[in-house]
Structures are given as C-alpha cells and as structure tokens.
Amino acid sequence: MPRVGLFIPCYVDQLYPQVAMATLELLERYGCEVDFPAAQTCCGQPMANTGCVTEAKPLAEKFLAIFKDYDYVVCPSGSCTAMVTHHYEELLHGQPGFEELRKKTFELCEFLVDVLKVGKVEGRFPYKVGLHNSCHGLRELRLGSSSEMMVERFNKAGQLLSGLEGIELVPLKRPDECCGFGGTFAVAEEAVSCMMGLDRIHDHEQAGADVMTAGDMSCLMHMYGLITRQKKPLQVMHVAEILAGRQPAKEIATTQPAAVVSR
Amino acid sequence: MSDTLTVHHEHPENASEFVANDSRAHWHDQSLWFVRSKRDKAASTLPEWEELRARASAIKQHAMSRLGDYLEEFERNAQKRGVTVHWARTPAEHNQIILDILEKHSAKKVVKSKSMLTEECHLNPFLERNGVEVVDTDLGEWIVQLLHQPPSHIVMPAIHIKREEIGELFHKHIGTDAGATDPPYLVNAARGELRRKFLNADVGITGVNFAIAETGGFVVCTNEGNADLGVSLPKVHIACMGIEKIIPRAADLGVFLRLLARSATGQPITTYSSHFHGPVEGGEMHIILVDNGRSDILGSPDFRRSLNCIRCGACMNTCPVYRRSGGHSYETTVPGPIGSILAPSRDAKTHKSLPFACSLCGSCSDVCPVKIDLHTQLLTWRKEIFIRGLLPWKKRIGMKFGRILFANTWMFTTAGRIGRWLVPKLPRFMVYNSLNPWGKQRELPPMPKQSFRQLYQQRKPK
Ligand code: SF4
C-alpha cells in the first residue's frame with residue numbers, strides 16, 4: 001500500500017474542509033494509506049508569485065522537511081502542485097531529498113490516472129457539468145491538452161468525470177480561458193479579474209451547466225464569490241467532491257431526456 | 001501629434017477604466033478572440049505545427065547566440081548589393097540617421113509602411129518637428145495616426161476602434177459621406193487618399209520582418225502591399241530593423257513565414273512577402289540596425305529568449321488581460337505579454353506594474369510560434385522588481401506577514417480559527433468596504449465551523 005502524504009492547500013484546509021475530506025476518501029478508496037501531516041501550512045506560492053523569493057524560501061524548506069519521507073505527495077490543486085514540481089527548483093535546488101520530492105508529488109487527478117491507473121470511477125452524478133480547466137494544472141502540469149497546442153486532445157479530470165453515471169460534460173465556447181483568479185491578481189487587478197470571472201461564468205451558463213467544477217478551489221472560490229453576489233443558480237464543486245460521490249448542495253431538477261418528458 | 005501618453009499610470013488604473021465600459025470591453029475581447037480562433041484553425045491544418053515552433057525557436061536561439069557574427073555577415077552581404085548599412089545604438093541616433101538621409105535628398109514627404117521599430121523610436125513626431133510630412137500607409141496605422149493615438153496592437157494597430165468611429169474620422173479628414181460605415185467604401189476612400197501620398201513621396205520607409213545574414217536581403221510582410229508601393233515609386237528606401245530580426249540562412253525563412261501569418265491572423269501567409277535585395281536602379285537603399293537596449297537583454301540569461309519574438313501579436317490576441325484592458329493600458333509601444341517583458345527591461349521603474357498585469361495563465365507561452373516562455377519570464381520579472389526594491393510597500397509587508405504566519409503552524413491555525421469564527425459575526429459593512437477589493441464584486445466563501453485538520457483529528461482519534 002503506497003503511503004501518501006496528503007498536501008492540502010492552506011486555504012482549502014481552513015475554508016474548504018469538505019474538499020480535503022473528499023480527496024482523502026478518494027485516495028483511501030483506491031487503496032492508499034493516507035496521512036495528513038499536521039505541521040503543514042502553505043507551500044509559499046503567494047509569496048513566490050509576487051516575486052518575494054526570500055519570503056517563499058523558508059516555507060519551501062519547511063514543506064520539504066514535512067513531506068520528504070512519504071512514498072507520494074498528493075494535492076487537490078494543480079496550482080499548488082505546480083509550485084512544488086515546477087517552481088521549488090530555484091528555492092531548493094540541490095537540497096537533499098528535493099529531487100525525489102519533486103518526482104513523487106502529484107495533483108489528485110494526475111495521481112489517480114497515471115499512478116493508480118484508475119479507469120472508471122464508480123458513482124452517479126446525473127447533472128450537466130462544466131469543467132473549468134484551471135491554468136496551472138493545464139499548462140504547467142499538462143493535466144490536459146491546452147487549446148493553443150496542436151497535440152492530441154486529452155484531459156485527465158474530464159476522463160475521470162466522464163466515467164460517472166448520468167453525468168453530462170457540457171461543451172464550453174472557450175475550453176480553457178483563465179477565470180481571472182491569479183492569486184494576488186484577483187485584488188491587484190480587481191476590475192479585469194472580475195470581468196474574466198463573469199465571462200467564464202457566462203460561458204458555463206450558455207452551455208447549460210448546473211454545476212461548474214475545477215481542479216483548483218481557488219478558481220472556484222473567485223467564481224463562487226461572483227455567482228453568489230449576482231444570485232445566480234450555478235453551483236460550484238471541486239472535482240474531488242464529485243468523484244468522491246458528493247451531490248450538489250442545492251437541489252437541481254434532474255434533466256430528463258426530452259423523449260421521456262414528452263411521452 | 002502626441003507620440004505616447006506622457007502622464008504615466010499603473011496598469012490596474014488604466015484597465016479598470018477600460019473595463020468600466022462593459023460593452024466596449026466585451027466587443028474588444030470578442031474581436032481579438034475571433035482572431036485567436038482563426039489562428040487555432042490555421043495552425044491545426046499543419047500536422048507539423050509543434051515541430052515548426054520548435055524549429056523556429058531553435059533557429060532564433062542559435063542566431064541570438066552569435067548575433068554579432070550574423071549581423072556583420074549581413075552587413076557585408078548587404079553592402080555587396082549596394083546597400084548602405086547604418087548602426088544605431090539609441091532611438092535618437094536612429095532618428096538622426098534618417099533625418100540626415102532625408103536632408104541629403106531635400107526630402108519633405110515620407111511614406112512609411114508598418115514598423116513597430118519606428119514607433120519605438122518615436123520617429124514620426126521627430127520628423128514632424130523637423131518639417132517632414134510622414135504618412136503611415138498601413139490602413140490601421142494611418143487611422144491611429146489621424147486620431148493622434150499610438151497603435152494599440154502590433155499587428156492590428158486600430159483594433160480598438162469601431163467601424164462607426166472610422167466612418168466619422170474619414171468623414172472629417174477625407175470627406176467620405178457622413179454616417180458611412182461600409183468597410184469596402186471606407187477602404188476605397190482611404191486607398192484613393194493614400195495613393196496620392198504614395199505618388200508624391202520623396203522617400204519610402206519600411207520595417208523589416210526578417211533579415212537574412214547569408215544573402216544580405218530582407219523580407220517585409222504586409223497584407224496591403226503598401227511596403228512595395230511605398231518603396232517602388234520613390235528612389236530612396238530606408239529600412240529600419242531591430243538587431244534581433246536576423247536569421248542565418250535563406251532556407252530558414254520558410255519556417256518563419258509559415259508560422260508568422262498563421263499565428264498573427266490565421267492566414268496561411270501574408271498577402272505580400274516582399275523580398276528586397278538592393279536599391280532600385282538609380283536609387284538608394286539604406287538599412288538601419290538599431291540596438292536600443294537589445295544587447296542588454298541579450299546579456300541576460302533570464303530574458304534573452306524574449307529576443308526571439310517575431311512580432312506576430314498572437315500573445316496579445318490570446319491574453320485574457322490584454323483583451324479586456326486594451327493595448328493602450330500598457331503605455332508601451334509593444335503591449336501585452338511580450339511588451340510586459342520588454343518594457344521593464346528598458347525602464348523597470350516606470351513599467352513595474354506590467355509583469356503583474358497577468359494572471360499567469362500561461363496561454364501566451366503555448367501560443368507563441370517561437371516558444372518564448374512568456375509567463376515564466378513575467379514571473380521572473382516580478383522577482384526582479386522585488387529584488388530591486390520596486391515592489392509597492394503594501395505587497396511587501398503583506399508577503400512578509402504571510403511568511404511569518406505560515407512559518408508557524410500554530411499561528412496559522414489560530415488565525416484561521418479566529419477568522420472563521422469572526423467573519424460571519426461581523427456586520428456586513430465591516431467586511432465589505434473600500435478596504436476589501438475582493439468584496440467589491442465578490443462574496444467571501446462561507447466560513448465553515450471546523451477546518452480540515454480539526455475534522456481529520458476527530459476522524460482518527462489516536
Ligand atoms: S512573443 Fe511570441 S506570440 Fe508574442 S508577438 Fe512575439 S512571437 Fe508573437
């Protein structure tokens with residue numbers, strides 16, 4: 001049984017415990033021995049993305065010390081995973097255990113598909129779902145093919161979700177446009193950030209989505225904020241929640257096939 | 001005319017002004033997204049697209065690694081073809097060289113096809129101050145010139161202007177019918193007007209898209225044929241190029257021509273790819289090689305690759321921030337992702353907000369035909385800005401505070417607990433006010449009673 005260190009982004013730990021719990025349950029469902037090391041806090045991404053490398057470094061060192069002894073480190077966030085696998089290099093270069101840590105750290109969907117070789121996820125989710133491809137997961141971790149690149153199309157989260165019974169993944173007009181969260185960007189460029197978020201929400205609405213899902217709770221936190229302020233019916237759920245069998249918080253009239261209704 | 005906006009603003013300020021006009025901002029976003037979609041379609045027709053990008057990137061990196069050699073080779077070969085080659089370190093030198101040539105020929109009327117370099121050097125206002133009439137003959141560029149505005153995009157300089165506004169502008173300047181907005185009618189009217197300028201010009205100025213070291217020739221890509229026209233009638237042709245425009249061999253050209261127009265507008269190739277190999281009979285050809293900070297960029301391992309840029313504009317069309325804030329919000333000659341790397345290289349203090357005008361989505365890096373790691377370089381610029389002490393104090397303090405908080409697990413969890421307990425109890429005006437930019441248009445997430453770590457402990461009592 002692989003020993004997995006559960007890496008939960010700081011804000012998910014504090015604000016979205018249900019997402020972390022769903023991740024934990026999923027990993028256990030597929031046979032992992034999961035441990036949440038309680039000393040963890042934040043990977044340092046907010047500091048690094050603001051350019052404050054000297055502030056990020058001690059947090060990266062702390063992270064390495066906490067997680068270096070697990071077989072795998074798994075995280076329900078593409079962005080925080082990318083921080084470790086793509087951006088720790090310049091903070092931790094040459095430190096004992098870092099190379100190994102980098103190689104054994106995975107985003108949740110990536111871990112399920114590539115390491116645990118999960119094929120079809122059991123469960124039922126009879127709703128129309130829009131998949132928002134969070135940028136760092138998509139373009140840094142390559143959890144899916146980006147629309148800019150002329151490569152074979154794939155999407156790890158989409159692949160897992162489509163195994164669920166009754167689910168309908170609705171096509172978006174812009175398959176991987178950024179939602180405008182972007183960390184401190186969300187407040188530093190408030191106007192553009194919110195316009196981007198609303199455009200993203202409209203795309204899901206025009207596609208007829210009941211639920212918007214993503215691999216990063218940060219994008220969803222931003223869009224939830226906009227949706228709630230505007231009192232829209234669209235709901236947000238993290239991919240882990242849907243895969244773990246959670247249902248939407250608010251009731252949705254299940255979509256019946258037209259033929260059945262007319263009869 | 002005003003060359004650039006003289007009062008400097010930070011990007012968020014300009015952007016929020018642009019966004020405030022919601023319908024216009026959406027119109028702008030959609031126009032550019034349409035171009036991006038055309039690019040996708042065109043790129044997808046070439047099974048070797050990704051290979052071409054890799055090849056183009058490799059050729060450029062190689063050329064940049066021996067830039068000095070290739071420039072000298074180019075100079076020698078161009079001279080053999082009867083071209084006069086000039087070297088300019090600064091925009092001032094570049095402008096003076098042009099003025100000297102004009103004065104030698106007593107030239108008072110100049111037609112210029114699109115050249116971002118002459119924009120960068122603010123050539124137009126300089127020449128006008130010296131009594132020379134300059135006409136931009138690229139339709140979009142001519143429109144912004146008439147409006148006394150700088151271009152807002154490097155390929156489509158007037159992309160921010162609506163058809164109706166062009167109708168009005170032409171009505172005022174060239175007497176088209178009031179209220180006319182029909183594109184063929186307006187284009188025809190412009191063509192007639194520009195024809196007269198072409199016929200009367202003393203000197204033609206062009207940019208350069210690719211200069212070939214091996215042959216000493218160069219290529220200018222346009223859709224309107226205005227480069228050819230502008231240099232066929234006058235006897236003197238001046239071509240202005242940044243030193244990074246060099247490619248080693250004629251055989252390399254195909255790689256770039258296939259990528260350029262597809263990336264820029266979704267066309268398989270620009271309507272005109274004009275090759276120049278020396279002056280017309282009885283005429284003169286001058287090439288001005290301009291540095292203006294490029295050698296400094298070349299000397300920096302972090303940003304060297306930004307010199308690979310072939311100015312296709314694809315990173316602008318794809319950038320979700322550019323599309324929603326407009327080219328002028330950057331207050332630089334080259335806006336968008338690549339502009340946000342190039343501008344701070346010249347003047348980090350003035351342009352310090354640009355590397356932050358980015359959500360780090362990475363779309364630019366994936367779209368760039370020469371594979372510049374744009375979003376990584378933007379991140380590296382943020383670091384530079386921090387190191388040089390240019391980061392605003394609020395951000396600086398905030399990040400220091402964050403580090404202290406996160407370094408101590410107890411402090412972090414206690415702060416979290418207090419926040420989750422306190423926020424729901426506070427009256428709304430204390431949470432949602434002008435001190436909280438998050439809350440201007442967004443609600444905060446609901447505050448759960450317990451954190452995950454608390455739930456986890458209860459789940460596994462030890
Ligand atoms: S950086 Fe790349 S995408 Fe942007 S203009 Fe230059 S070549 Fe085009």
# chains A, B, ... in the order shown; residues from 1 in each chain; ligands from 1

call {"tool": "residues_near_ligand", "arguments": {"ligand": "ligand 1", "cutoff": "7 Å", "atoms": "only C-alpha atoms and all ligand atoms", "output": "MDAnalysis selection string"}}
result
chainID B and resid 306 308:316 337:338 364 367:372 374

call {"tool": "select_by_dssp", "arguments": {"residues": "range 286-397 of chain B", "states": "strand (DSSP E or B)", "output": "PyMOL selection string"}}
result
chain B and resi 286-290

call {"tool": "interface_residues", "arguments": {"of": "chain A", "to": "chain B", "cutoff": "6 Å", "atoms": "only C-alpha atoms", "output": "VMD selection string"}}
result
chain A and resid 13 to 14 17 39 41 to 42 47 51 55 135 148 182 185 187 189 191 225 to 226 229

call {"tool": "write_last_selection", "arguments": {"atoms": "all heavy atoms", "output": "compact mmCIF listing (two decimals), in the first residue's frame"}}
result
# COMPACT_ATOMS: atom_id res chain seq x y z
N ASP A 13 -7.64 23.82 3.60
CA ASP A 13 -7.68 23.33 4.98
C ASP A 13 -8.63 24.20 5.81
O ASP A 13 -9.49 23.69 6.53
CB ASP A 13 -6.26 23.36 5.55
CG ASP A 13 -6.23 23.13 7.05
OD1 ASP A 13 -7.08 22.36 7.55
OD2 ASP A 13 -5.35 23.73 7.72
N GLN A 14 -8.49 25.51 5.69
CA GLN A 14 -9.24 26.42 6.56
C GLN A 14 -10.67 26.70 6.08
O GLN A 14 -11.56 26.88 6.88
CB GLN A 14 -8.48 27.75 6.70
CG GLN A 14 -7.16 27.62 7.45
CD GLN A 14 -7.36 27.14 8.90
OE1 GLN A 14 -8.23 27.63 9.61
NE2 GLN A 14 -6.55 26.18 9.32
N PRO A 17 -12.95 22.40 4.05
CA PRO A 17 -12.60 21.09 4.61
C PRO A 17 -13.25 19.94 3.84
O PRO A 17 -12.66 18.86 3.73
CB PRO A 17 -13.11 21.16 6.05
CG PRO A 17 -14.09 22.28 6.08
CD PRO A 17 -13.62 23.26 5.05
N ALA A 39 1.77 19.50 10.54
CA ALA A 39 2.66 20.66 10.60
C ALA A 39 2.55 21.53 9.35
O ALA A 39 2.99 22.68 9.34
CB ALA A 39 4.09 20.20 10.78
N THR A 41 1.48 24.05 6.37
CA THR A 41 0.67 25.27 6.30
C THR A 41 0.46 25.67 4.84
O THR A 41 -0.51 25.26 4.23
CB THR A 41 1.34 26.44 7.05
OG1 THR A 41 2.67 26.63 6.57
CG2 THR A 41 1.36 26.18 8.55
N CYS A 42 1.42 26.42 4.29
CA CYS A 42 1.26 26.95 2.93
C CYS A 42 2.55 26.66 2.17
O CYS A 42 3.64 26.71 2.74
CB CYS A 42 1.01 28.46 2.99
SG CYS A 42 1.13 29.31 1.41
N MET A 47 3.76 34.13 -2.07
CA MET A 47 4.98 34.94 -1.97
C MET A 47 5.78 34.83 -3.27
O MET A 47 6.23 35.82 -3.82
CB MET A 47 5.86 34.47 -0.81
CG MET A 47 5.26 34.69 0.54
SD MET A 47 4.09 33.35 0.91
CE MET A 47 3.17 34.09 2.24
N GLY A 51 6.89 37.61 -6.39
CA GLY A 51 8.31 37.90 -6.60
C GLY A 51 9.13 37.81 -5.32
O GLY A 51 10.35 37.93 -5.36
N GLU A 55 10.88 35.39 0.92
CA GLU A 55 9.80 35.01 1.84
C GLU A 55 9.31 33.60 1.55
O GLU A 55 8.81 32.90 2.44
CB GLU A 55 8.61 35.99 1.72
CG GLU A 55 8.95 37.47 1.74
CD GLU A 55 9.51 37.95 3.08
OE1 GLU A 55 9.50 37.18 4.05
OE2 GLU A 55 9.96 39.11 3.13
N CYS A 135 -5.63 26.92 -14.88
CA CYS A 135 -4.49 27.14 -15.79
C CYS A 135 -3.20 26.41 -15.41
O CYS A 135 -2.55 25.82 -16.26
CB CYS A 135 -4.21 28.63 -15.90
SG CYS A 135 -5.59 29.52 -16.60
N GLU A 148 -4.27 25.87 -27.24
CA GLU A 148 -3.28 26.54 -28.09
C GLU A 148 -2.39 25.54 -28.81
O GLU A 148 -1.89 25.81 -29.90
CB GLU A 148 -2.38 27.46 -27.27
CG GLU A 148 -3.09 28.60 -26.55
CD GLU A 148 -3.63 28.18 -25.19
OE1 GLU A 148 -3.28 27.07 -24.72
OE2 GLU A 148 -4.43 28.94 -24.61
N GLY A 182 -5.89 34.08 -10.31
CA GLY A 182 -4.49 34.52 -10.38
C GLY A 182 -3.86 34.98 -9.09
O GLY A 182 -2.95 35.80 -9.10
N PHE A 185 -3.41 38.73 -8.13
CA PHE A 185 -4.01 39.37 -9.30
C PHE A 185 -5.48 39.69 -9.04
O PHE A 185 -5.99 40.72 -9.48
CB PHE A 185 -3.86 38.43 -10.50
CG PHE A 185 -4.51 38.92 -11.77
CD1 PHE A 185 -3.84 39.80 -12.62
CD2 PHE A 185 -5.78 38.50 -12.12
CE1 PHE A 185 -4.44 40.25 -13.79
CE2 PHE A 185 -6.39 38.95 -13.29
CZ PHE A 185 -5.71 39.82 -14.12
N VAL A 187 -6.99 40.76 -6.54
CA VAL A 187 -7.24 42.04 -5.89
C VAL A 187 -6.46 43.18 -6.55
O VAL A 187 -6.96 44.30 -6.67
CB VAL A 187 -6.96 41.99 -4.37
CG1 VAL A 187 -8.03 41.17 -3.67
CG2 VAL A 187 -5.59 41.43 -4.07
N GLU A 189 -5.62 43.52 -9.69
CA GLU A 189 -6.29 43.88 -10.96
C GLU A 189 -7.76 43.52 -10.83
O GLU A 189 -8.32 42.80 -11.67
CB GLU A 189 -5.64 43.14 -12.13
CG GLU A 189 -4.24 43.61 -12.49
CD GLU A 189 -4.21 44.70 -13.57
OE1 GLU A 189 -5.29 45.15 -13.99
OE2 GLU A 189 -3.09 45.08 -13.97
N ALA A 191 -10.64 44.81 -11.41
CA ALA A 191 -11.62 45.02 -12.48
C ALA A 191 -11.51 43.94 -13.56
O ALA A 191 -12.51 43.32 -13.94
CB ALA A 191 -11.41 46.40 -13.10
N GLY A 225 -17.73 33.57 -5.48
CA GLY A 225 -17.95 34.93 -4.95
C GLY A 225 -18.78 35.77 -5.89
O GLY A 225 -19.69 36.50 -5.47
N LEU A 226 -18.49 35.67 -7.18
CA LEU A 226 -19.24 36.43 -8.19
C LEU A 226 -20.65 35.88 -8.36
O LEU A 226 -21.62 36.64 -8.43
CB LEU A 226 -18.50 36.37 -9.53
CG LEU A 226 -17.14 37.07 -9.60
CD1 LEU A 226 -16.33 36.57 -10.79
CD2 LEU A 226 -17.30 38.58 -9.68
N ARG A 229 -22.80 36.82 -5.32
CA ARG A 229 -23.18 38.23 -5.30
C ARG A 229 -24.30 38.48 -6.32
O ARG A 229 -25.20 39.26 -6.07
CB ARG A 229 -21.95 39.09 -5.62
CG ARG A 229 -22.21 40.58 -5.70
CD ARG A 229 -22.61 41.21 -4.37
NE ARG A 229 -21.64 41.08 -3.31
CZ ARG A 229 -20.61 41.90 -3.09
NH1 ARG A 229 -20.40 42.92 -3.90
NH2 ARG A 229 -19.78 41.70 -2.08

call {"tool": "closest_residue", "arguments": {"among": "B:Asn200, B:Ser65, B:Asn226, B:Ser57", "to": "Gly140 in chain B", "atoms": "only C-alpha atoms"}}
result
B:Asn226

call {"tool": "closest_residue", "arguments": {"among": "B:Asp182, B:Asp302, B:Glu141, B:Asp202", "to": "Lys108 in chain B", "atoms": "only C-alpha atoms"}}
result
B:Asp202

call {"tool": "atom_distance", "arguments": {"atom1": "CA of Pro91 in chain B", "atom2": "CA of Cys121 in chain B"}}
result
4.6 Å

call {"tool": "select_by_dssp", "arguments": {"residues": "range 20-244 of chain A", "states": "alpha helix (DSSP H)", "output": "number ranges by chain"}}
result
A: 20-29, 45-49, 53-67, 78-82, 89-92, 98-104, 108-110, 135, 156-161, 185-188, 190-206, 217-229, 239-243

call {"tool": "closest_residue", "arguments": {"among": "A:Gly78, A:Pro175, A:Gly208, A:Pro58", "to": "Phe7 in chain A", "atoms": "only C-alpha atoms"}}
result
A:Gly78

call {"tool": "decode", "arguments": {"residues": "range 219-256 of chain A", "atoms": "N, CA and C atoms", "output": "PDB file, in the first residue's frame"}}
result
ATOM      1  N   CYS A 219      -9.884  28.975  -8.072  1.00  0.00           N
ATOM      2  CA  CYS A 219     -10.689  29.492  -9.183  1.00  0.00           C
ATOM      3  C   CYS A 219     -12.158  29.494  -8.778  1.00  0.00           C
ATOM      4  N   LEU A 220     -12.562  28.415  -8.128  1.00  0.00           N
ATOM      5  CA  LEU A 220     -13.972  28.272  -7.779  1.00  0.00           C
ATOM      6  C   LEU A 220     -14.370  29.241  -6.664  1.00  0.00           C
ATOM      7  N   MET A 221     -13.449  29.535  -5.774  1.00  0.00           N
ATOM      8  CA  MET A 221     -13.729  30.496  -4.702  1.00  0.00           C
ATOM      9  C   MET A 221     -14.034  31.875  -5.308  1.00  0.00           C
ATOM     10  N   HIS A 222     -13.216  32.233  -6.297  1.00  0.00           N
ATOM     11  CA  HIS A 222     -13.374  33.503  -7.006  1.00  0.00           C
ATOM     12  C   HIS A 222     -14.721  33.529  -7.742  1.00  0.00           C
ATOM     13  N   MET A 223     -15.024  32.450  -8.458  1.00  0.00           N
ATOM     14  CA  MET A 223     -16.254  32.460  -9.242  1.00  0.00           C
ATOM     15  C   MET A 223     -17.490  32.281  -8.355  1.00  0.00           C
ATOM     16  N   TYR A 224     -17.332  31.518  -7.272  1.00  0.00           N
ATOM     17  CA  TYR A 224     -18.421  31.405  -6.300  1.00  0.00           C
ATOM     18  C   TYR A 224     -18.770  32.801  -5.769  1.00  0.00           C
ATOM     19  N   GLY A 225     -17.732  33.575  -5.484  1.00  0.00           N
ATOM     20  CA  GLY A 225     -17.947  34.927  -4.953  1.00  0.00           C
ATOM     21  C   GLY A 225     -18.783  35.773  -5.893  1.00  0.00           C
ATOM     22  N   LEU A 226     -18.493  35.668  -7.181  1.00  0.00           N
ATOM     23  CA  LEU A 226     -19.236  36.432  -8.191  1.00  0.00           C
ATOM     24  C   LEU A 226     -20.653  35.885  -8.357  1.00  0.00           C
ATOM     25  N   ILE A 227     -20.749  34.561  -8.408  1.00  0.00           N
ATOM     26  CA  ILE A 227     -22.053  33.904  -8.602  1.00  0.00           C
ATOM     27  C   ILE A 227     -22.999  34.263  -7.455  1.00  0.00           C
ATOM     28  N   THR A 228     -22.466  34.206  -6.236  1.00  0.00           N
ATOM     29  CA  THR A 228     -23.305  34.456  -5.067  1.00  0.00           C
ATOM     30  C   THR A 228     -23.751  35.909  -5.017  1.00  0.00           C
ATOM     31  N   ARG A 229     -22.804  36.816  -5.317  1.00  0.00           N
ATOM     32  CA  ARG A 229     -23.179  38.228  -5.304  1.00  0.00           C
ATOM     33  C   ARG A 229     -24.295  38.482  -6.321  1.00  0.00           C
ATOM     34  N   GLN A 230     -24.218  37.805  -7.465  1.00  0.00           N
ATOM     35  CA  GLN A 230     -25.220  38.038  -8.518  1.00  0.00           C
ATOM     36  C   GLN A 230     -26.412  37.103  -8.409  1.00  0.00           C
ATOM     37  N   LYS A 231     -26.433  36.314  -7.347  1.00  0.00           N
ATOM     38  CA  LYS A 231     -27.558  35.402  -7.078  1.00  0.00           C
ATOM     39  C   LYS A 231     -27.885  34.508  -8.262  1.00  0.00           C
ATOM     40  N   LYS A 232     -26.847  33.922  -8.838  1.00  0.00           N
ATOM     41  CA  LYS A 232     -27.058  33.012  -9.952  1.00  0.00           C
ATOM     42  C   LYS A 232     -27.256  31.597  -9.426  1.00  0.00           C
ATOM     43  N   PRO A 233     -27.972  30.752 -10.173  1.00  0.00           N
ATOM     44  CA  PRO A 233     -28.213  29.386  -9.682  1.00  0.00           C
ATOM     45  C   PRO A 233     -27.020  28.425  -9.860  1.00  0.00           C
ATOM     46  N   LEU A 234     -26.067  28.785 -10.703  1.00  0.00           N
ATOM     47  CA  LEU A 234     -24.938  27.889 -10.970  1.00  0.00           C
ATOM     48  C   LEU A 234     -24.223  27.512  -9.663  1.00  0.00           C
ATOM     49  N   GLN A 235     -23.908  26.223  -9.496  1.00  0.00           N
ATOM     50  CA  GLN A 235     -23.212  25.776  -8.285  1.00  0.00           C
ATOM     51  C   GLN A 235     -21.769  25.410  -8.610  1.00  0.00           C
ATOM     52  N   VAL A 236     -20.909  25.485  -7.612  1.00  0.00           N
ATOM     53  CA  VAL A 236     -19.522  25.083  -7.849  1.00  0.00           C
ATOM     54  C   VAL A 236     -19.159  23.905  -6.943  1.00  0.00           C
ATOM     55  N   MET A 237     -18.414  22.963  -7.502  1.00  0.00           N
ATOM     56  CA  MET A 237     -17.910  21.821  -6.723  1.00  0.00           C
ATOM     57  C   MET A 237     -16.525  21.461  -7.223  1.00  0.00           C
ATOM     58  N   HIS A 238     -15.651  21.130  -6.313  1.00  0.00           N
ATOM     59  CA  HIS A 238     -14.319  20.676  -6.702  1.00  0.00           C
ATOM     60  C   HIS A 238     -14.421  19.283  -7.333  1.00  0.00           C
ATOM     61  N   VAL A 239     -13.544  18.985  -8.270  1.00  0.00           N
ATOM     62  CA  VAL A 239     -13.548  17.677  -8.938  1.00  0.00           C
ATOM     63  C   VAL A 239     -13.526  16.538  -7.917  1.00  0.00           C
ATOM     64  N   ALA A 240     -12.741  16.729  -6.860  1.00  0.00           N
ATOM     65  CA  ALA A 240     -12.627  15.667  -5.854  1.00  0.00           C
ATOM     66  C   ALA A 240     -13.981  15.367  -5.224  1.00  0.00           C
ATOM     67  N   GLU A 241     -14.755  16.398  -4.993  1.00  0.00           N
ATOM     68  CA  GLU A 241     -16.067  16.186  -4.368  1.00  0.00           C
ATOM     69  C   GLU A 241     -16.965  15.348  -5.270  1.00  0.00           C
ATOM     70  N   ILE A 242     -16.975  15.691  -6.557  1.00  0.00           N
ATOM     71  CA  ILE A 242     -17.836  14.946  -7.481  1.00  0.00           C
ATOM     72  C   ILE A 242     -17.363  13.499  -7.587  1.00  0.00           C
ATOM     73  N   LEU A 243     -16.059  13.316  -7.707  1.00  0.00           N
ATOM     74  CA  LEU A 243     -15.533  11.956  -7.861  1.00  0.00           C
ATOM     75  C   LEU A 243     -15.775  11.129  -6.595  1.00  0.00           C
ATOM     76  N   ALA A 244     -15.759  11.798  -5.437  1.00  0.00           N
ATOM     77  CA  ALA A 244     -15.943  11.066  -4.184  1.00  0.00           C
ATOM     78  C   ALA A 244     -17.416  10.761  -3.904  1.00  0.00           C
ATOM     79  N   GLY A 245     -18.307  11.220  -4.785  1.00  0.00           N
ATOM     80  CA  GLY A 245     -19.704  10.847  -4.644  1.00  0.00           C
ATOM     81  C   GLY A 245     -20.593  11.892  -3.981  1.00  0.00           C
ATOM     82  N   ARG A 246     -20.050  13.096  -3.719  1.00  0.00           N
ATOM     83  CA  ARG A 246     -20.892  14.146  -3.146  1.00  0.00           C
ATOM     84  C   ARG A 246     -21.901  14.599  -4.194  1.00  0.00           C
ATOM     85  N   GLN A 247     -23.002  15.154  -3.723  1.00  0.00           N
ATOM     86  CA  GLN A 247     -24.027  15.666  -4.624  1.00  0.00           C
ATOM     87  C   GLN A 247     -24.115  17.187  -4.461  1.00  0.00           C
ATOM     88  N   PRO A 248     -24.709  17.891  -5.429  1.00  0.00           N
ATOM     89  CA  PRO A 248     -24.798  19.351  -5.319  1.00  0.00           C
ATOM     90  C   PRO A 248     -25.517  19.763  -4.038  1.00  0.00           C
ATOM     91  N   ALA A 249     -25.079  20.872  -3.446  1.00  0.00           N
ATOM     92  CA  ALA A 249     -25.662  21.331  -2.185  1.00  0.00           C
ATOM     93  C   ALA A 249     -27.119  21.743  -2.365  1.00  0.00           C
ATOM     94  N   LYS A 250     -27.375  22.441  -3.462  1.00  0.00           N
ATOM     95  CA  LYS A 250     -28.753  22.856  -3.719  1.00  0.00           C
ATOM     96  C   LYS A 250     -29.379  21.903  -4.734  1.00  0.00           C
ATOM     97  N   GLU A 251     -30.668  21.693  -4.580  1.00  0.00           N
ATOM     98  CA  GLU A 251     -31.338  20.724  -5.430  1.00  0.00           C
ATOM     99  C   GLU A 251     -31.389  21.200  -6.882  1.00  0.00           C
ATOM    100  N   ILE A 252     -31.213  20.267  -7.795  1.00  0.00           N
ATOM    101  CA  ILE A 252     -31.314  20.589  -9.219  1.00  0.00           C
ATOM    102  C   ILE A 252     -32.365  19.666  -9.810  1.00  0.00           C
ATOM    103  N   ALA A 253     -33.311  20.239 -10.554  1.00  0.00           N
ATOM    104  CA  ALA A 253     -34.285  19.394 -11.243  1.00  0.00           C
ATOM    105  C   ALA A 253     -33.514  18.513 -12.212  1.00  0.00           C
ATOM    106  N   THR A 254     -33.501  17.197 -11.953  1.00  0.00           N
ATOM    107  CA  THR A 254     -32.712  16.311 -12.812  1.00  0.00           C
ATOM    108  C   THR A 254     -33.205  16.400 -14.234  1.00  0.00           C
ATOM    109  N   THR A 255     -32.252  16.518 -15.125  1.00  0.00           N
ATOM    110  CA  THR A 255     -32.617  16.683 -16.525  1.00  0.00           C
ATOM    111  C   THR A 255     -33.035  15.348 -17.117  1.00  0.00           C
ATOM    112  N   GLN A 256     -34.271  15.294 -17.539  1.00  0.00           N
ATOM    113  CA  GLN A 256     -34.778  14.080 -18.175  1.00  0.00           C
ATOM    114  C   GLN A 256     -34.547  14.196 -19.669  1.00  0.00           C
TER     115      GLN A 256
END
